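Everything below belongs to run.pdb, which stores PDB, C-alpha atoms and all ligand atoms.
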ATOM      1  CA  MET J   1      24.775 -11.004 -16.485  1.00  0.00           C
ATOM      2  CA  ALA J   2      22.523 -13.133 -14.346  1.00  0.00           C
ATOM      3  CA  THR J   3      24.050 -11.985 -11.065  1.00  0.00           C
ATOM      4  CA  GLU J   4      22.956  -8.408 -11.667  1.00  0.00           C
ATOM      5  CA  ASP J   5      19.313  -9.473 -11.728  1.00  0.00           C
ATOM      6  CA  GLU J   6      19.782 -11.420  -8.540  1.00  0.00           C
ATOM      7  CA  ASP J   7      21.269  -8.402  -6.801  1.00  0.00           C
ATOM      8  CA  GLU J   8      18.159  -6.409  -7.566  1.00  0.00           C
ATOM      9  CA  TYR J   9      15.908  -9.217  -6.425  1.00  0.00           C
ATOM     10  CA  ASP J  10      13.920  -7.826  -3.527  1.00  0.00           C
ATOM     11  CA  GLY J  11      12.352 -11.054  -2.299  1.00  0.00           C
ATOM     12  CA  TRP J  12       8.746 -10.052  -2.870  1.00  0.00           C
ATOM     13  CA  ASP J  13       8.406 -11.721  -6.237  1.00  0.00           C
ATOM     14  CA  ASP J  14       8.673 -15.290  -4.971  1.00  0.00           C
ATOM     15  CA  VAL J  15       5.240 -14.973  -3.394  1.00  0.00           C
ATOM     16  CA  ALA J  16       2.548 -13.857  -5.770  1.00  0.00           C
ATOM     17  CA  CYS J  17       0.835 -10.894  -4.204  1.00  0.00           C
ATOM     18  CA  ASP J  18      -2.917 -11.207  -4.165  1.00  0.00           C
ATOM     19  CA  HIS J  19      -3.284  -7.477  -3.374  1.00  0.00           C
ATOM     20  CA  GLU J  20      -5.373  -8.394  -0.394  1.00  0.00           C
ATOM     21  CA  GLY J  21      -4.786  -5.127   1.407  1.00  0.00           C
ATOM     22  CA  TYR J  22      -5.035  -2.159  -0.838  1.00  0.00           C
ATOM     23  CA  ASP J  23      -6.266   1.355  -0.771  1.00  0.00           C
ATOM     24  CA  VAL J  24      -8.368   2.994  -3.432  1.00  0.00           C
ATOM     25  CA  ASP J  25      -7.884   6.609  -4.257  1.00  0.00           C
ATOM     26  CA  ILE J  26     -11.301   7.695  -5.419  1.00  0.00           C
ATOM     27  CA  ILE J  27     -10.013  10.970  -6.800  1.00  0.00           C
ATOM     28  CA  SER J  28      -7.496   9.428  -9.159  1.00  0.00           C
ATOM     29  CA  GLY J  29      -9.392   6.176  -9.622  1.00  0.00           C
ATOM     30  CA  ARG J  30      -6.349   4.088  -8.787  1.00  0.00           C
ATOM     31  CA  ALA J  31      -5.694   1.364  -6.283  1.00  0.00           C
ATOM     32  CA  PHE J  32      -2.452   1.012  -4.412  1.00  0.00           C
ATOM     33  CA  CYS J  33      -1.301  -2.208  -2.780  1.00  0.00           C
ATOM     34  CA  TRP J  34       0.162  -1.830   0.719  1.00  0.00           C
ATOM     35  CA  ARG J  35       2.199  -4.971   0.363  1.00  0.00           C
ATOM     36  CA  CYS J  36       3.851  -4.943  -3.038  1.00  0.00           C
ATOM     37  CA  GLY J  37       3.382  -1.262  -3.773  1.00  0.00           C
ATOM     38  CA  GLU J  38       1.753  -1.959  -7.088  1.00  0.00           C
ATOM     39  CA  ALA J  39      -0.706   0.615  -8.353  1.00  0.00           C
ATOM     40  CA  TRP J  40      -3.416  -0.062 -10.856  1.00  0.00           C
ATOM     41  CA  SER J  41      -6.549   1.492 -12.226  1.00  0.00           C
ATOM     42  CA  VAL J  42      -9.818   0.239 -10.834  1.00  0.00           C
ATOM     43  CA  SER J  43     -12.995  -0.211 -12.774  1.00  0.00           C
ATOM     44  CA  ASP J  44     -15.849   2.231 -12.396  1.00  0.00           C
ATOM     45  CA  GLU J  45     -17.845  -0.530 -10.750  1.00  0.00           C
ATOM     46  CA  GLU J  46     -15.176  -1.149  -8.141  1.00  0.00           C
ATOM     47  CA  LEU J  47     -14.709   2.554  -7.627  1.00  0.00           C
ATOM     48  CA  ARG J  48     -18.427   2.955  -7.024  1.00  0.00           C
ATOM     49  CA  ARG J  49     -18.479   0.042  -4.580  1.00  0.00           C
ATOM     50  CA  HIS J  50     -15.540   1.488  -2.724  1.00  0.00           C
ATOM     51  CA  ALA J  51     -17.120   4.936  -2.582  1.00  0.00           C
ATOM     52  CA  GLU J  52     -20.326   3.389  -1.260  1.00  0.00           C
ATOM     53  CA  ALA J  53     -18.470   1.437   1.400  1.00  0.00           C
ATOM     54  CA  MET J  54     -16.658   4.569   2.465  1.00  0.00           C
ATOM     55  CA  ALA J  55     -19.869   6.581   2.556  1.00  0.00           C
ATOM     56  CA  GLU J  56     -21.524   3.846   4.604  1.00  0.00           C
ATOM     57  CA  TYR J  57     -18.652   3.826   7.012  1.00  0.00           C
ATOM     58  CA  ALA J  58     -18.660   7.619   7.306  1.00  0.00           C
ATOM     59  CA  GLU J  59     -22.396   7.517   7.931  1.00  0.00           C
ATOM     60  CA  TRP J  60     -22.010   4.849  10.577  1.00  0.00           C
ATOM     61  CA  GLU J  61     -19.174   6.771  12.213  1.00  0.00           C
ATOM     62  CA  GLU J  62     -21.207   9.954  12.246  1.00  0.00           C
ATOM     63  CA  ARG J  63     -24.170   8.128  13.740  1.00  0.00           C
ATOM     64  CA  GLU J  64     -21.952   6.665  16.436  1.00  0.00           C
ATOM     65  CA  ASN J  65     -20.426  10.049  17.179  1.00  0.00           C
ATOM     66  CA  ARG J  66     -23.834  11.639  17.387  1.00  0.00           C
ATOM     67  CA  ARG J  67     -25.063   8.888  19.692  1.00  0.00           C
ATOM     68  CA  GLN J  68     -22.043   9.388  21.891  1.00  0.00           C
ATOM     69  CA  TRP J  69     -22.620  13.129  21.826  1.00  0.00           C
ATOM     70  CA  TRP J  70     -26.222  12.714  23.012  1.00  0.00           C
ATOM     71  CA  ARG J  71     -25.117  10.213  25.614  1.00  0.00           C
ATOM     72  CA  ASP J  72     -22.542  12.652  26.957  1.00  0.00           C
ATOM     73  CA  LEU J  73     -25.027  15.507  26.869  1.00  0.00           C
ATOM     74  CA  TRP J  74     -27.691  13.417  28.596  1.00  0.00           C
ATOM     75  CA  ASN J  75     -25.250  12.302  31.263  1.00  0.00           C
ATOM     76  CA  GLY J  76     -24.067  15.877  31.708  1.00  0.00           C
ATOM     77  CA  LEU J  77     -27.638  17.074  32.143  1.00  0.00           C
ATOM     78  CA  THR J  78     -28.994  14.317  34.322  1.00  0.00           C
ATOM     79  CA  THR J  79     -26.045  13.786  36.637  1.00  0.00           C
ATOM     80  CA  PRO J  80     -26.528  17.092  38.523  1.00  0.00           C
ATOM     81  CA  ILE J  81     -30.290  16.446  38.688  1.00  0.00           C
ATOM     82  CA  ARG J  82     -29.723  12.977  40.061  1.00  0.00           C
ATOM     83  CA  LYS J  83     -27.286  14.322  42.607  1.00  0.00           C
ATOM     84  CA  PHE J  84     -29.687  17.117  43.509  1.00  0.00           C
ATOM     85  CA  THR J  85     -32.718  14.891  43.942  1.00  0.00           C
ATOM     86  CA  ARG J  86     -30.680  12.404  45.918  1.00  0.00           C
ATOM     87  CA  ARG J  87     -29.714  15.186  48.280  1.00  0.00           C
ATOM     88  CA  LEU J  88     -33.351  16.307  48.616  1.00  0.00           C
ATOM     89  CA  SER J  89     -34.650  12.830  49.271  1.00  0.00           C
ATOM     90  CA  PRO J  90     -31.879  10.370  49.963  1.00  0.00           C
ATOM     91  CA  ASP J  91     -34.258   7.433  50.056  1.00  0.00           C
ATOM     92  CA  ALA J  92     -35.725   8.118  46.581  1.00  0.00           C
ATOM     93  CA  ASP J  93     -32.740   7.070  44.561  1.00  0.00           C
ATOM     94  CA  ASP J  94     -34.609   5.147  41.935  1.00  0.00           C
ATOM     95  CA  GLY J  95     -36.652   7.959  40.415  1.00  0.00           C
ATOM     96  CA  ILE J  96     -37.155  11.673  40.136  1.00  0.00           C
ATOM     97  CA  PRO J  97     -39.918  12.507  42.628  1.00  0.00           C
ATOM     98  CA  PHE J  98     -41.993  14.873  40.506  1.00  0.00           C
TER
HETATM   99 ZN    ZN P 101       0.051  -6.436  -4.043  1.00  0.00          ZN
END

Can the structure in the file be given as structure tokens, please?
Ligand SMILES: [Zn+2]
Amino acid sequence: MATEDEDEYDGWDDVACDHEGYDVDIISGRAFCWRCGEAWSVSDEELRRHAEAMAEYAEWEERENRRQWWRDLWNGLTTPIRKFTRRLSPDADDGIPF
């Protein structure tokens, strides 16, 4: 029954999937391919690398958020002062006169 196999043919198999885009579940230690849906176990080494990359990214993201937070805070604090000093001395725009 060759036709039965062909009916179930989903078209993915003719291109070998290189699992280029996949996600790693650190908890279960398994990788899951977005493209072909294949799941496989990853080595401890790969798991560690992935965990490190994720930690690095989280760190970077947190740093960025914190920087943005300070920037917002600084802007929030200095904008009224700038407006205030500009009103006191309209010709001293470039610095705080004290
Ligand atoms: Zn794949």

Ser43 in chain J environment, 10 Å, all atoms listed in the file, sequence neighbours closer than 5 positions dropped, as a list of chain:residue names: J:Gly29, J:Arg30, J:Ala31, J:Arg48, J:Arg49

What does the file look like for those residues with C-alpha atoms, as a PDB file, in the coordinates of the input?
ATOM      1  CA  GLY J  29      -9.392   6.176  -9.622  1.00  0.00           C
ATOM      2  CA  ARG J  30      -6.349   4.088  -8.787  1.00  0.00           C
ATOM      3  CA  ALA J  31      -5.694   1.364  -6.283  1.00  0.00           C
ATOM      4  CA  ARG J  48     -18.427   2.955  -7.024  1.00  0.00           C
ATOM      5  CA  ARG J  49     -18.479   0.042  -4.580  1.00  0.00           C
TER       6      ARG J  49
END

Selection under test: the PyMOL selection byres (((chain J and resi 41) around 12) and not hetatm); residues as an MDAnalysis selection string: chainID J and resid 23:33 38:40 42:47

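The binding environment of ligand ZN 101 (chain P), defined as every protein, DNA or RNA residue with an atom no more than 6 Å away and counting all atoms listed in the file, comprises Cys17, Asp18, His19, Cys33, Arg35, Cys36 and Glu38 of chain J.
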
Draw an axis-aligned box over all listed atoms of range 60-68 of chain J, pad each side with 4 Å, and write its centre and edge lengths in Å, one decimal, as lines of an AutoDock Vina configuration file.
center_x = -22.1
center_y = 8.2
center_z = 16.2
size_x = 13.9
size_y = 14.8
size_z = 19.3

Interatomic distance, CA of Glu20 in chain J to CA of Ala53 in chain J (Å, one decimal):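 So the two atoms, CA of Glu20 in chain J and CA of Ala53 in chain J, lie 16.5 Å apart.
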